[in-house]
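Dumped work20.txt below, it's compact mmCIF, C-alpha atoms:
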```
# COMPACT_ATOMS: atom_id res chain seq x y z
CA MET V 1 -50.21 52.03 14.08
CA PRO V 2 -53.14 49.62 13.66
CA GLN V 3 -51.81 48.86 10.15
CA ILE V 4 -48.40 48.02 11.62
CA GLU V 5 -50.08 45.85 14.25
CA LYS V 6 -51.70 43.84 11.46
CA ILE V 7 -48.33 43.13 9.88
CA TRP V 8 -46.83 42.31 13.28
CA LYS V 9 -49.51 39.71 13.97
CA GLU V 10 -48.66 37.95 10.74
CA LEU V 11 -44.92 37.99 11.30
CA LYS V 12 -44.32 37.75 15.02
CA GLU V 13 -43.37 34.07 14.98
CA LYS V 14 -40.45 34.82 12.66
CA GLU V 15 -37.01 36.32 13.24
CA VAL V 16 -38.50 39.77 13.31
CA VAL V 17 -38.81 42.58 15.85
CA PHE V 18 -41.05 45.66 15.76
CA VAL V 19 -40.15 48.70 17.87
CA ALA V 20 -42.21 51.89 18.04
CA VAL V 21 -40.84 55.13 19.50
CA GLU V 22 -43.32 57.83 20.48
CA ALA V 23 -41.63 61.15 19.72
CA TYR V 24 -43.38 63.84 21.75
CA GLN V 25 -43.70 62.10 25.13
CA ASP V 26 -47.47 62.43 24.95
CA THR V 27 -47.64 59.65 27.55
CA GLU V 28 -51.31 59.49 28.48
CA ARG V 29 -52.66 59.60 24.95
CA ALA V 30 -50.06 57.13 23.74
CA LYS V 31 -50.94 54.68 26.51
CA LYS V 32 -54.65 55.01 25.76
CA LEU V 33 -54.15 54.39 22.05
CA ILE V 34 -51.97 51.35 22.67
CA LYS V 35 -54.62 49.93 24.98
CA ASP V 36 -57.64 50.81 22.83
CA LYS V 37 -56.15 49.45 19.62
CA LYS V 38 -54.63 46.45 21.43
CA LEU V 39 -51.16 47.13 20.03
CA SER V 40 -48.82 44.36 21.03
CA PHE V 41 -45.30 45.03 19.84
CA ILE V 42 -42.69 47.06 21.73
CA PHE V 43 -43.59 50.66 22.53
CA LEU V 44 -40.91 52.98 23.87
CA GLU V 45 -41.03 56.63 24.78
CA ASP V 46 -38.49 58.99 23.26
CA GLU V 47 -36.37 61.21 25.47
CA LEU V 48 -33.42 63.55 25.24
CA VAL V 49 -30.14 61.71 25.00
CA GLY V 50 -27.48 64.40 25.07
CA ASP V 51 -28.89 67.30 23.12
CA GLU V 52 -31.14 65.30 20.81
CA LYS V 53 -34.02 62.90 20.99
CA VAL V 54 -33.76 59.58 19.19
CA TYR V 55 -36.14 60.63 16.43
CA GLN V 56 -33.92 63.62 15.72
CA LYS V 57 -30.86 61.39 15.54
CA TYR V 58 -32.66 59.45 12.82
CA GLY V 59 -33.47 62.73 11.03
CA VAL V 60 -37.22 62.19 11.31
CA SER V 61 -39.18 65.37 10.62
CA ALA V 62 -42.65 64.03 9.86
CA PHE V 63 -44.72 61.23 11.35
CA PRO V 64 -45.25 58.36 11.08
CA THR V 65 -41.87 57.34 9.69
CA ASN V 66 -40.91 53.67 9.47
CA PHE V 67 -37.48 52.20 8.85
CA ILE V 68 -36.82 48.58 7.99
CA PHE V 69 -33.42 47.08 8.73
CA GLY V 70 -31.96 43.80 7.58
CA LYS V 71 -30.45 41.16 9.87
CA ASN V 72 -27.05 42.75 9.30
CA GLY V 73 -28.35 46.04 10.70
CA LYS V 74 -28.27 47.88 7.37
CA LEU V 75 -31.20 49.94 6.16
CA ILE V 76 -33.50 48.25 3.66
CA SER V 77 -36.20 50.86 3.26
CA TYR V 78 -37.83 54.00 4.55
CA HIS V 79 -41.57 54.76 4.60
CA LEU V 80 -43.15 58.08 5.35
CA GLY V 81 -46.84 58.23 6.20
CA TYR V 82 -49.41 55.57 5.49
CA GLY V 83 -49.80 55.67 1.76
CA ASP V 84 -51.76 53.26 -0.38
CA GLY V 85 -50.37 49.77 -0.32
CA MET V 86 -47.70 50.57 2.24
CA GLU V 87 -48.80 47.66 4.38
CA ASN V 88 -48.15 45.20 1.56
CA LYS V 89 -44.88 46.82 0.60
CA ILE V 90 -43.53 46.49 4.14
CA LYS V 91 -44.67 42.89 4.37
CA GLU V 92 -43.07 42.07 1.03
CA GLU V 93 -39.77 43.64 1.99
CA ILE V 94 -39.60 41.79 5.30
CA PHE V 95 -40.44 38.46 3.68
CA LYS V 96 -37.82 39.03 1.00
CA GLU V 97 -35.17 39.76 3.62
CA LEU V 98 -36.16 36.67 5.65
CA ASP V 99 -35.93 34.50 2.53
CA GLU V 100 -32.56 35.85 1.47
CA GLN V 101 -31.00 35.07 4.82
CA LYS V 102 -32.05 31.42 4.85
CA MET R 1 -85.70 55.82 33.68
CA LYS R 2 -83.33 58.50 32.46
CA LYS R 3 -80.41 56.21 33.10
CA TYR R 4 -81.92 53.61 30.79
CA LEU R 5 -82.43 56.16 28.10
CA VAL R 6 -78.84 57.24 28.32
CA PHE R 7 -77.80 53.63 28.21
CA PHE R 8 -79.89 52.94 25.12
CA PHE R 9 -78.60 56.05 23.47
CA ILE R 10 -74.99 55.01 23.99
CA PHE R 11 -75.83 51.51 22.86
CA PHE R 12 -77.45 52.95 19.75
CA LEU R 13 -74.38 55.10 19.00
CA PHE R 14 -72.15 52.09 19.47
CA CYS R 15 -74.22 50.00 17.07
CA SER R 16 -74.59 52.69 14.44
CA LYS R 17 -70.84 53.16 14.39
CA ASN R 18 -70.28 49.48 13.85
CA VAL R 19 -72.95 49.34 11.19
CA LEU R 20 -71.18 52.06 9.23
CA GLU R 21 -67.85 50.29 9.58
CA LYS R 22 -69.41 47.10 8.29
CA LYS R 23 -71.04 48.89 5.39
CA TYR R 24 -67.71 50.42 4.54
CA ASP R 25 -66.01 47.02 4.58
CA LEU R 26 -68.73 45.76 2.26
CA LEU R 27 -68.12 48.70 -0.05
CA ARG R 28 -64.41 47.91 -0.13
CA LYS R 29 -65.14 44.32 -1.08
CA SER R 30 -67.54 45.33 -3.84
CA LEU R 31 -64.96 47.80 -5.15
CA GLU R 32 -62.37 45.05 -5.32
CA ASN R 33 -64.75 42.83 -7.23
CA SER R 34 -65.87 45.37 -9.80
CA LYS R 35 -63.67 46.10 -12.77
CA GLU R 36 -65.38 48.95 -14.59
CA SER R 37 -64.65 52.51 -13.44
CA GLU R 38 -68.28 53.41 -13.97
CA GLU R 39 -69.42 50.65 -11.65
CA LYS R 40 -66.90 51.67 -8.99
CA ALA R 41 -67.98 55.31 -9.23
CA LYS R 42 -71.59 54.28 -8.74
CA LEU R 43 -70.76 52.18 -5.68
CA ILE R 44 -68.91 55.04 -4.03
CA LYS R 45 -71.58 57.58 -4.87
CA ASP R 46 -74.34 55.37 -3.48
CA PHE R 47 -72.43 54.98 -0.24
CA LEU R 48 -71.82 58.73 0.01
CA LYS R 49 -75.45 59.56 -0.69
CA LYS R 50 -76.45 57.44 2.30
CA HIS R 51 -73.56 58.52 4.53
CA PRO R 52 -72.41 61.94 3.39
CA GLU R 53 -70.52 62.95 6.51
CA SER R 54 -68.44 60.13 7.90
CA SER R 55 -64.74 59.70 8.52
CA TYR R 56 -64.59 57.91 5.16
CA THR R 57 -65.92 60.83 3.14
CA TYR R 58 -62.64 62.51 2.27
CA ASP R 59 -60.85 59.35 1.17
CA LEU R 60 -63.81 58.19 -0.88
CA ILE R 61 -64.21 61.52 -2.65
CA PHE R 62 -60.52 61.42 -3.44
CA GLU R 63 -60.77 57.88 -4.74
CA LEU R 64 -63.82 58.73 -6.82
CA MET R 65 -61.66 61.13 -8.84
CA ASP R 66 -59.80 58.17 -10.33
CA TYR R 67 -62.97 56.65 -11.67
CA GLU R 68 -64.72 59.78 -12.82
CA GLU R 69 -62.58 62.62 -14.11
CA THR R 70 -65.46 64.56 -15.54
CA LYS R 71 -67.71 67.48 -14.79
CA GLU R 72 -70.03 64.99 -13.13
CA TYR R 73 -67.48 64.65 -10.39
CA GLU R 74 -67.44 68.37 -9.78
CA SER R 75 -71.20 68.67 -9.49
CA PHE R 76 -71.41 65.60 -7.26
CA VAL R 77 -68.85 66.97 -4.81
CA LYS R 78 -70.44 70.41 -4.78
CA ASP R 79 -73.89 68.94 -4.17
CA LEU R 80 -72.55 66.86 -1.34
CA MET R 81 -70.84 69.88 0.20
CA ASN R 82 -74.04 71.89 0.05
CA LYS R 83 -75.86 69.24 2.05
CA MET R 84 -73.12 68.96 4.66
CA LYS R 85 -73.27 70.37 8.12
CA LYS R 86 -69.82 69.51 9.38
CA GLU R 87 -67.53 72.37 8.42
CA ASP R 88 -64.30 70.45 8.89
CA ILE R 89 -65.22 67.71 6.41
CA LYS R 90 -66.45 70.36 4.00
CA GLU R 91 -63.12 72.16 4.25
CA ASP R 92 -61.27 68.92 3.59
CA LEU R 93 -63.28 68.30 0.45
CA LYS R 94 -62.04 71.59 -0.96
CA PHE R 95 -58.61 69.95 -1.15
CA CYS R 96 -60.16 67.24 -3.32
CA LEU R 97 -61.54 69.92 -5.60
CA ILE R 98 -58.11 71.52 -5.87
CA GLU R 99 -56.67 68.16 -6.90
CA PHE R 100 -59.50 67.73 -9.40
CA TYR R 101 -58.94 71.17 -10.97
CA LYS R 102 -55.21 70.51 -11.02
CA ARG R 103 -55.77 67.39 -13.08
CA ASN R 104 -57.89 69.48 -15.43
CA LYS R 105 -55.28 72.27 -15.53
CA ASP R 106 -57.92 74.76 -14.45
CA LYS R 107 -56.11 77.54 -12.59
CA ASN R 108 -59.12 79.84 -12.23
CA ASN R 109 -61.09 77.27 -10.31
CA ILE R 110 -58.07 76.42 -8.14
CA LEU R 111 -57.88 80.07 -7.13
CA LYS R 112 -61.64 80.14 -6.58
CA VAL R 113 -61.39 77.24 -4.14
CA PHE R 114 -58.49 78.95 -2.40
CA ASN R 115 -60.62 82.06 -1.89
CA SER R 116 -63.44 79.94 -0.49
CA PHE R 117 -61.44 78.45 2.37
CA ASN R 118 -62.81 79.41 5.76
CA LYS R 119 -61.05 82.31 7.42
CA PRO R 120 -58.72 82.52 9.24
CA LEU R 121 -56.69 80.59 6.71
CA LYS R 122 -54.43 77.71 7.61
CA TYR R 123 -50.97 76.99 6.26
CA ASP R 124 -52.23 73.92 4.37
CA ASN R 125 -54.65 76.11 2.42
CA PHE R 126 -51.67 77.92 0.99
CA SER R 127 -49.35 74.98 0.50
CA GLU R 128 -51.83 72.71 -1.30
CA THR R 129 -52.92 75.54 -3.60
CA ILE R 130 -49.35 76.55 -4.42
CA LYS R 131 -48.41 72.95 -5.11
CA ALA R 132 -51.30 72.57 -7.55
CA LEU R 133 -50.47 75.85 -9.30
CA ILE R 134 -46.82 74.88 -9.69
CA GLU R 135 -47.81 71.56 -11.18
CA ILE R 136 -49.98 73.18 -13.82
CA GLU R 137 -47.12 75.62 -14.44
CA ASP R 138 -48.91 78.75 -13.35
CA PHE R 139 -45.77 80.31 -11.95
CA GLU R 140 -47.14 83.82 -11.79
CA ASN R 141 -49.94 83.00 -9.37
CA SER R 142 -47.91 80.48 -7.41
CA LEU R 143 -45.20 83.08 -6.78
CA LYS R 144 -47.80 85.60 -5.65
CA LEU R 145 -49.40 83.14 -3.29
CA LEU R 146 -46.02 82.05 -2.00
CA ASP R 147 -45.31 85.61 -0.86
CA GLU R 148 -48.61 85.65 1.00
CA ALA R 149 -47.82 82.26 2.52
CA LYS R 150 -44.50 83.49 3.87
CA LYS R 151 -46.12 86.51 5.46
CA PHE R 152 -48.76 84.23 6.91
CA CYS R 153 -46.12 81.96 8.49
CA GLU R 154 -44.36 84.89 10.11
CA LYS R 155 -47.64 86.11 11.56
CA GLU R 156 -48.72 82.66 12.67
CA TYR R 157 -45.54 82.15 14.60
CA ILE R 158 -46.70 84.84 17.00
CA ASN R 159 -50.34 83.76 16.85
CA LYS R 160 -52.09 82.58 20.04
CA GLU R 161 -53.35 79.23 18.72
CA TYR R 162 -49.90 78.40 17.58
CA GLU R 163 -48.47 79.36 20.93
CA LYS R 164 -50.46 76.60 22.62
CA LEU R 165 -48.25 74.03 20.94
CA SER R 166 -45.17 72.86 22.75
CA GLU R 167 -41.94 74.62 21.90
CA GLU R 168 -40.70 71.43 20.28
CA LYS R 169 -43.68 71.05 17.95
CA ARG R 170 -43.72 74.75 17.13
CA ASN R 171 -40.10 74.66 16.11
CA ARG R 172 -40.61 71.66 13.90
CA TYR R 173 -43.60 73.27 12.14
CA PHE R 174 -41.66 76.47 11.70
CA LYS R 175 -38.66 74.75 10.18
CA ARG R 176 -40.75 72.48 8.02
CA ARG R 177 -42.72 75.38 6.62
CA ASN R 178 -39.62 77.40 5.84
CA PHE R 179 -38.17 74.34 4.20
CA GLU R 180 -41.28 73.83 2.11
CA THR R 181 -41.67 77.45 1.01
CA GLU R 182 -38.03 77.52 -0.14
CA LEU R 183 -38.60 74.26 -1.99
CA PHE R 184 -41.64 75.84 -3.71
CA LYS R 185 -39.53 78.83 -4.67
CA GLY R 186 -36.85 76.54 -6.09
CA ARG R 187 -39.46 74.71 -8.14
CA ILE R 188 -41.04 77.92 -9.42
CA TYR R 189 -37.71 79.40 -10.54
CA PHE R 190 -36.84 76.08 -12.12
CA GLY R 191 -40.08 76.32 -14.10
CA LEU R 192 -39.18 79.87 -15.08
CA LYS R 193 -35.74 78.62 -16.17
CA GLU R 194 -34.03 80.93 -13.69
CA TYR R 195 -31.65 78.21 -12.62
CA GLU R 196 -29.33 80.19 -10.39
CA LYS R 197 -32.18 81.48 -8.28
CA SER R 198 -33.62 77.99 -8.21
CA LEU R 199 -30.35 76.48 -6.99
CA SER R 200 -29.95 79.04 -4.24
CA SER R 201 -33.51 78.38 -3.00
CA PHE R 202 -32.90 74.64 -2.87
CA GLU R 203 -29.71 75.20 -0.95
CA LYS R 204 -31.44 77.56 1.43
CA ALA R 205 -34.17 74.99 2.03
CA LYS R 206 -31.56 72.50 3.17
CA GLU R 207 -30.53 74.83 5.96
CA PHE R 208 -33.94 74.54 7.61
CA LEU R 209 -34.28 70.80 7.80
CA LYS R 210 -31.86 67.95 7.96
CA PRO R 211 -32.60 64.84 5.93
CA SER R 212 -33.60 61.53 7.46
CA PHE R 213 -30.53 59.44 8.06
CA PRO R 214 -30.63 57.65 4.70
CA GLY R 215 -30.39 61.14 3.13
CA ILE R 216 -34.04 61.62 2.19
CA TYR R 217 -35.64 65.02 2.64
CA LEU R 218 -39.34 65.73 3.04
CA TYR R 219 -41.71 66.58 0.19
CA ASP R 220 -39.71 64.88 -2.58
CA PHE R 221 -37.02 67.51 -2.24
CA ASN R 222 -34.31 65.29 -3.72
CA PHE R 223 -36.42 64.65 -6.79
CA TYR R 224 -36.79 68.33 -7.66
CA TYR R 225 -33.21 69.09 -6.69
CA ALA R 226 -31.92 66.32 -8.96
CA LEU R 227 -34.15 67.58 -11.76
CA LEU R 228 -32.45 70.96 -11.55
CA LEU R 229 -28.93 69.51 -11.26
CA LYS R 230 -29.58 67.42 -14.36
CA GLU R 231 -30.78 70.49 -16.25
CA ILE R 232 -27.64 72.47 -15.40
CA SER R 233 -25.47 69.49 -16.40
CA LYS R 234 -24.32 68.55 -12.94
CA LYS R 235 -25.10 64.92 -13.72
CA GLU R 236 -22.98 63.17 -11.11
CA GLU R 237 -24.42 65.42 -8.43
CA ALA R 238 -27.91 64.76 -9.74
CA ILE R 239 -27.38 61.00 -9.37
CA SER R 240 -26.12 61.36 -5.80
CA ALA R 241 -29.08 63.57 -4.94
CA ILE R 242 -31.74 61.14 -6.12
CA LEU R 243 -30.01 57.89 -5.05
CA PRO R 244 -31.25 57.70 -1.44
CA ASP R 245 -34.85 58.06 -2.62
CA VAL R 246 -34.39 55.44 -5.35
CA LEU R 247 -32.77 52.96 -2.98
CA PHE R 248 -34.86 53.39 0.14
CA GLU R 249 -38.13 55.08 -0.81
CA LYS R 250 -38.87 53.24 -3.98
CA ASN R 251 -41.43 54.80 -6.24
CA GLU R 252 -41.77 55.04 -10.00
CA LYS R 253 -41.31 58.78 -10.19
CA ASN R 254 -37.90 58.63 -8.50
CA TYR R 255 -36.80 55.63 -10.52
CA GLU R 256 -37.78 57.20 -13.84
CA LEU R 257 -35.75 60.31 -13.16
CA PHE R 258 -32.81 58.23 -11.96
CA GLU R 259 -32.96 56.17 -15.15
CA LYS R 260 -32.93 59.31 -17.30
CA ILE R 261 -29.88 60.71 -15.53
CA TYR R 262 -28.14 57.32 -15.71
CA ILE R 263 -28.70 57.13 -19.47
CA ASP R 264 -27.47 60.71 -19.75
CA ILE R 265 -24.18 59.70 -18.17
CA TYR R 266 -23.62 56.13 -19.41
CA GLY R 267 -25.38 56.25 -22.76
CA SER R 268 -27.78 53.36 -22.06
CA LYS R 269 -29.61 51.41 -19.37
CA ASP R 270 -26.92 48.71 -19.33
CA GLY R 271 -25.70 47.83 -15.86
CA ILE R 272 -28.30 49.94 -14.07
CA GLU R 273 -29.42 47.19 -11.67
CA ASP R 274 -25.86 46.24 -10.74
CA PHE R 275 -25.08 49.90 -10.23
CA LEU R 276 -27.99 50.16 -7.79
CA LYS R 277 -27.03 46.98 -5.93
CA ALA R 278 -23.45 48.17 -5.50
CA LYS R 279 -24.61 51.60 -4.35
CA LYS R 280 -27.00 50.06 -1.87
CA LYS R 281 -24.15 48.15 -0.26
CA GLU R 282 -22.02 51.25 -0.27
CA ILE R 283 -24.39 53.85 1.16
CA SER R 284 -26.95 51.87 3.15
CA PRO R 285 -26.65 53.31 6.67
CA SER R 286 -26.51 51.15 9.80
CA LYS R 287 -28.88 51.26 12.74
CA ILE R 288 -28.16 53.88 15.37
CA ASP R 289 -28.28 52.52 18.91
CA PHE R 290 -30.36 53.91 21.76
CA THR R 291 -31.76 52.91 25.11
CA LEU R 292 -35.29 53.99 26.04
CA LYS R 293 -38.02 52.99 28.48
CA ASP R 294 -41.43 51.50 27.78
CA TYR R 295 -44.63 52.51 29.59
CA ASP R 296 -43.85 50.26 32.56
CA ARG R 297 -40.58 52.17 32.93
CA LYS R 298 -38.62 49.14 31.79
CA GLU R 299 -35.44 49.90 29.84
CA TYR R 300 -34.74 48.44 26.42
CA ASN R 301 -31.60 48.63 24.35
CA PHE R 302 -32.31 48.80 20.63
CA PHE R 303 -29.25 46.82 19.53
CA ASP R 304 -29.97 44.02 22.02
CA LEU R 305 -33.59 43.86 20.90
CA SER R 306 -32.88 43.80 17.21
CA LYS R 307 -29.72 41.75 17.03
CA GLU R 308 -29.75 39.53 13.95
CA LYS R 309 -33.42 40.19 13.40
CA VAL R 310 -35.26 41.91 10.60
CA THR R 311 -36.33 45.10 12.33
CA LEU R 312 -39.12 47.60 11.86
CA LEU R 313 -38.48 50.86 13.70
CA ALA R 314 -41.52 53.15 13.76
CA PHE R 315 -41.50 56.78 14.90
CA TRP R 316 -44.94 58.14 15.70
CA PHE R 317 -47.04 60.27 17.99
CA PRO R 318 -50.72 59.91 18.93
CA THR R 319 -53.02 62.27 17.03
```
Let me see whether you can do it: turn the structure in this file into structure tokens.
Amino acid sequence: MPQIEKIWKELKEKEVVFVAVEAYQDTERAKKLIKDKKLSFIFLEDELVGDEKVYQKYGVSAFPTNFIFGKNGKLISYHLGYGDGMENKIKEEIFKELDEQK
Amino acid sequence: MKKYLVFFFIFFLFCSKNVLEKKYDLLRKSLENSKESEEKAKLIKDFLKKHPESSYTYDLIFELMDYEETKEYESFVKDLMNKMKKEDIKEDLKFCLIEFYKRNKDKNNILKVFNSFNKPLKYDNFSETIKALIEIEDFENSLKLLDEAKKFCEKEYINKEYEKLSEEKRNRYFKRRNFETELFKGRIYFGLKEYEKSLSSFEKAKEFLKPSFPGIYLYDFNFYYALLLKEISKKEEAISAILPDVLFEKNEKNYELFEKIYIDIYGSKDGIEDFLKAKKKEISPSKIDFTLKDYDRKEYNFFDLSKEKVTLLAFWFPT
């Protein structure tokens, strides 16, 4: 999450939104981490909607998983874990999408 | 007086932590500036000699492998491990050694490391060892270990430690492990050219875990599945299997395999980029809507939030 926060800080003035969903409803620890690491984008807590949680609807089976969507709501990319250079990749993809839509 | 001492002690801890962080940042900068592998290796080793047991140790030892794929690496890691007191970091470094021996195609030492893991074993001890053995094509040992791993998983499911986890987490681990062991089996039989058995293992794996909504499974499943489909001449199916990974989880390995299958079907690379663009339009899934609350119990609707915006949606949990 701190890596994502870094990207958010660079991009938050643009037509961009970052939403995090905490999967296991580990409320206290999540709140503490958000406060300690000064995370400033939108943090929601997952819950059962019907017979599935939101993360299950998205077919997420390992964490962290990040999806990037274009302005038209279509998926651009999918990132599992925090591999090497992921931060830059995400930034690049978002900038590319912002440029294309101009 | 005691209070002051405690205060100073905490202050000292606070400072020493920051000092290490700063030293690490400095190391990163020096690594960026140096070009020679030898120089980089020396920088990392010097840091590790001064700070053998920090949270950076594992990553640095792993990184060091890229600059020094020699016996020197092995003796350095072993020396470091001998001086260590923290068992958990020591255990982690054994995974680095497995990777190192894998790169050197040294199955005997891989098995030696496996036998040196602290007991009781953990699932990762099995999975990382099996993965390395498969990659160096030691199918005999990987199959043997896989059998042990399966027995281990069955036992662990009724184990007390495991029981402490929430039902939800336990189920996910259980499914993920079954998925992974079937994937291993599929890869082993593929290596042994027993394609029917391989195919049935891959298909069984799919029953345990559903893919993420773009169609990507964990652990590079689609890659290995496509590799098999290509081998048994199901080329169109091979392309469909690897496409989600090529389009949404771009990496060279996926792209290379895709390119090979594409050439297999169309005779050359011509039109490959247009093909991908068209496919992206065709199969790119749309956002799924939801409404959830934040930590002040305020409700947010995902579609309202993200309307006409480039959106990053992150699923996580605090570790």
> What gap, in Å, lies between CA of Leu80 (chain R) and CA of Tyr123 (chain R)?
Replying inline: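 Separating CA of Leu80 (chain R) from CA of Tyr123 (chain R) is a distance of 25.0 Å.
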Give me, as CSV, the closest atom pair and its distance (Å, one decimal) for every residue of chain R within a cut-off of 6 Å of chain V, counting all atoms listed in the file, rows sorted by chain and rising number.
```
residue,atom,partner,partner_atom,distance
R:Pro211,CA,V:Gly59,CA,5.6
R:Ser212,CA,V:Gly59,CA,3.8
R:Phe213,CA,V:Tyr58,CA,5.2
R:Phe248,CA,V:Ser77,CA,4.2
R:Glu249,CA,V:Tyr78,CA,5.5
R:Ser284,CA,V:Leu75,CA,5.6
R:Pro285,CA,V:Leu75,CA,5.7
R:Ser286,CA,V:Lys74,CA,4.4
R:Lys287,CA,V:Gly73,CA,5.6
R:Lys293,CA,V:Leu44,CA,5.4
R:Asp294,CA,V:Leu44,CA,4.2
R:Glu308,CA,V:Lys71,CA,4.4
R:Lys309,CA,V:Lys71,CA,4.7
R:Val310,CA,V:Val16,CA,4.7
R:Thr311,CA,V:Val17,CA,5.0
R:Leu312,CA,V:Ile68,CA,4.6
R:Leu313,CA,V:Val19,CA,5.0
R:Ala314,CA,V:Asn66,CA,4.4
R:Phe315,CA,V:Val21,CA,4.9
R:Trp316,CA,V:Pro64,CA,4.6
R:Phe317,CA,V:Glu22,CA,5.1
R:Pro318,CA,V:Ala30,CA,5.6
```
Please, could you write that set of residues out with C-alpha atoms as an mmCIF file, in the coordinates of the input?
```cif
data_model
loop_
_atom_site.group_PDB
_atom_site.id
_atom_site.type_symbol
_atom_site.label_atom_id
_atom_site.label_comp_id
_atom_site.auth_asym_id
_atom_site.auth_seq_id
_atom_site.Cartn_x
_atom_site.Cartn_y
_atom_site.Cartn_z
ATOM 1 C CA PRO R 211 -32.600 64.840 5.930
ATOM 2 C CA SER R 212 -33.600 61.530 7.460
ATOM 3 C CA PHE R 213 -30.530 59.440 8.060
ATOM 4 C CA PHE R 248 -34.860 53.390 0.140
ATOM 5 C CA GLU R 249 -38.130 55.080 -0.810
ATOM 6 C CA SER R 284 -26.950 51.870 3.150
ATOM 7 C CA PRO R 285 -26.650 53.310 6.670
ATOM 8 C CA SER R 286 -26.510 51.150 9.800
ATOM 9 C CA LYS R 287 -28.880 51.260 12.740
ATOM 10 C CA LYS R 293 -38.020 52.990 28.480
ATOM 11 C CA ASP R 294 -41.430 51.500 27.780
ATOM 12 C CA GLU R 308 -29.750 39.530 13.950
ATOM 13 C CA LYS R 309 -33.420 40.190 13.400
ATOM 14 C CA VAL R 310 -35.260 41.910 10.600
ATOM 15 C CA THR R 311 -36.330 45.100 12.330
ATOM 16 C CA LEU R 312 -39.120 47.600 11.860
ATOM 17 C CA LEU R 313 -38.480 50.860 13.700
ATOM 18 C CA ALA R 314 -41.520 53.150 13.760
ATOM 19 C CA PHE R 315 -41.500 56.780 14.900
ATOM 20 C CA TRP R 316 -44.940 58.140 15.700
ATOM 21 C CA PHE R 317 -47.040 60.270 17.990
ATOM 22 C CA PRO R 318 -50.720 59.910 18.930
#
```
>> Considering all atoms listed in the file, can you say which of R:Glu53, R:Tyr295, R:Lys280, R:Phe184 comes closest to Lys86 (chain R)?
In response: R:Glu53
>> Between R:Phe290, R:Tyr73, R:Phe139, R:Tyr266, which residue has the minimum interatomic distance to Lys107 (chain R), considering all atoms listed in the file?
In response: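 Going through R:Phe290, R:Tyr73, R:Phe139, R:Tyr266 one by one, the smallest distance to Lys107 (chain R) is for R:Phe139.
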Can you tell me which residues surround region 147-150 of chain R at a distance of at most 10 Å, considering all atoms listed in the file, apart from same-chain residues fewer than 2 positions away, and format the answer as a CSV table (one decimal) with C-alpha atoms, keeping the file's coordinate frame?
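Listed below is the output, out_37.csv:
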```
chain,number,residue,atom,x,y,z
R,121,LEU,CA,-56.7,80.6,6.7
R,122,LYS,CA,-54.4,77.7,7.6
R,123,TYR,CA,-51.0,77.0,6.3
R,124,ASP,CA,-52.2,73.9,4.4
R,125,ASN,CA,-54.6,76.1,2.4
R,126,PHE,CA,-51.7,77.9,1.0
R,127,SER,CA,-49.4,75.0,0.5
R,130,ILE,CA,-49.4,76.6,-4.4
R,142,SER,CA,-47.9,80.5,-7.4
R,143,LEU,CA,-45.2,83.1,-6.8
R,144,LYS,CA,-47.8,85.6,-5.6
R,145,LEU,CA,-49.4,83.1,-3.3
R,152,PHE,CA,-48.8,84.2,6.9
R,153,CYS,CA,-46.1,82.0,8.5
R,154,GLU,CA,-44.4,84.9,10.1
R,155,LYS,CA,-47.6,86.1,11.6
R,156,GLU,CA,-48.7,82.7,12.7
R,177,ARG,CA,-42.7,75.4,6.6
R,178,ASN,CA,-39.6,77.4,5.8
R,181,THR,CA,-41.7,77.4,1.0
R,182,GLU,CA,-38.0,77.5,-0.1
R,185,LYS,CA,-39.5,78.8,-4.7
```
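If you look at CA of Tyr225 (chain R) and CA of Tyr189 (chain R), they are 11.9 Å away from each other.
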>> Would you pick out the contacts of region 43-47 of chain R at 9 Å or less, using all atoms listed in the file, so that residues sharing its chain but fewer than 5 positions from it are not included, and give the list as a ChimeraX atom specification?
In response: /R:23-24,27,30-31,38,52,60-61,63-64,76
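Taking all atoms listed in the file, the non-local environment of Glu87 (chain V) within 10 Å (same-chain residues fewer than 3 positions away omitted) comprises Gln3, Ile4, Lys6, Ile7, Tyr82, Gly83, Asp84, Ile90, Lys91 and Glu92 of chain V.
Among the candidate residues R:Lys131, R:Lys94, R:Lys175, R:Arg297, the one lying nearest to Phe208 (chain R) is R:Lys175, with distances computed using all atoms listed in the file.
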>> Within 10 Å of (-68.9, 53.7, 6.9) in the file's own coordinates, which protein, DNA or RNA residues have an atom, counting only C-alpha atoms? List them as a PyMOL selection string.
In response: chain R and resi 16-27+47-48+50-57
> Pick the closest to Ile283 (chain R) from R:Ile216, R:Leu133, R:Cys96, R:Leu243: which is it, counting all atoms listed in the file?
Replying inline: R:Leu243
>> Just to confirm, what's the straight-line distance from CA of Tyr217 (chain R) to CA of Ala205 (chain R) in Å (one decimal)?
In response: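 Spanning CA of Tyr217 (chain R) to CA of Ala205 (chain R) is a straight-line distance of 10.1 Å.
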>> Given only C-alpha atoms as the basis, pick out the residue of R:Lys42, R:Lys230, R:Lys277, R:Lys29 nearest to Tyr262 (chain R).
In response: R:Lys230
Edge lengths and centre, in Å to one decimal, as JSON: that's what I need for the box along x, y and z that holds all listed atoms of region 78-96 of chain V plus 4 Å on each side.
```
{"center_x": -44.8, "center_y": 48.3, "center_z": 2.9, "size_x": 21.9, "size_y": 27.8, "size_z": 14.6}
```
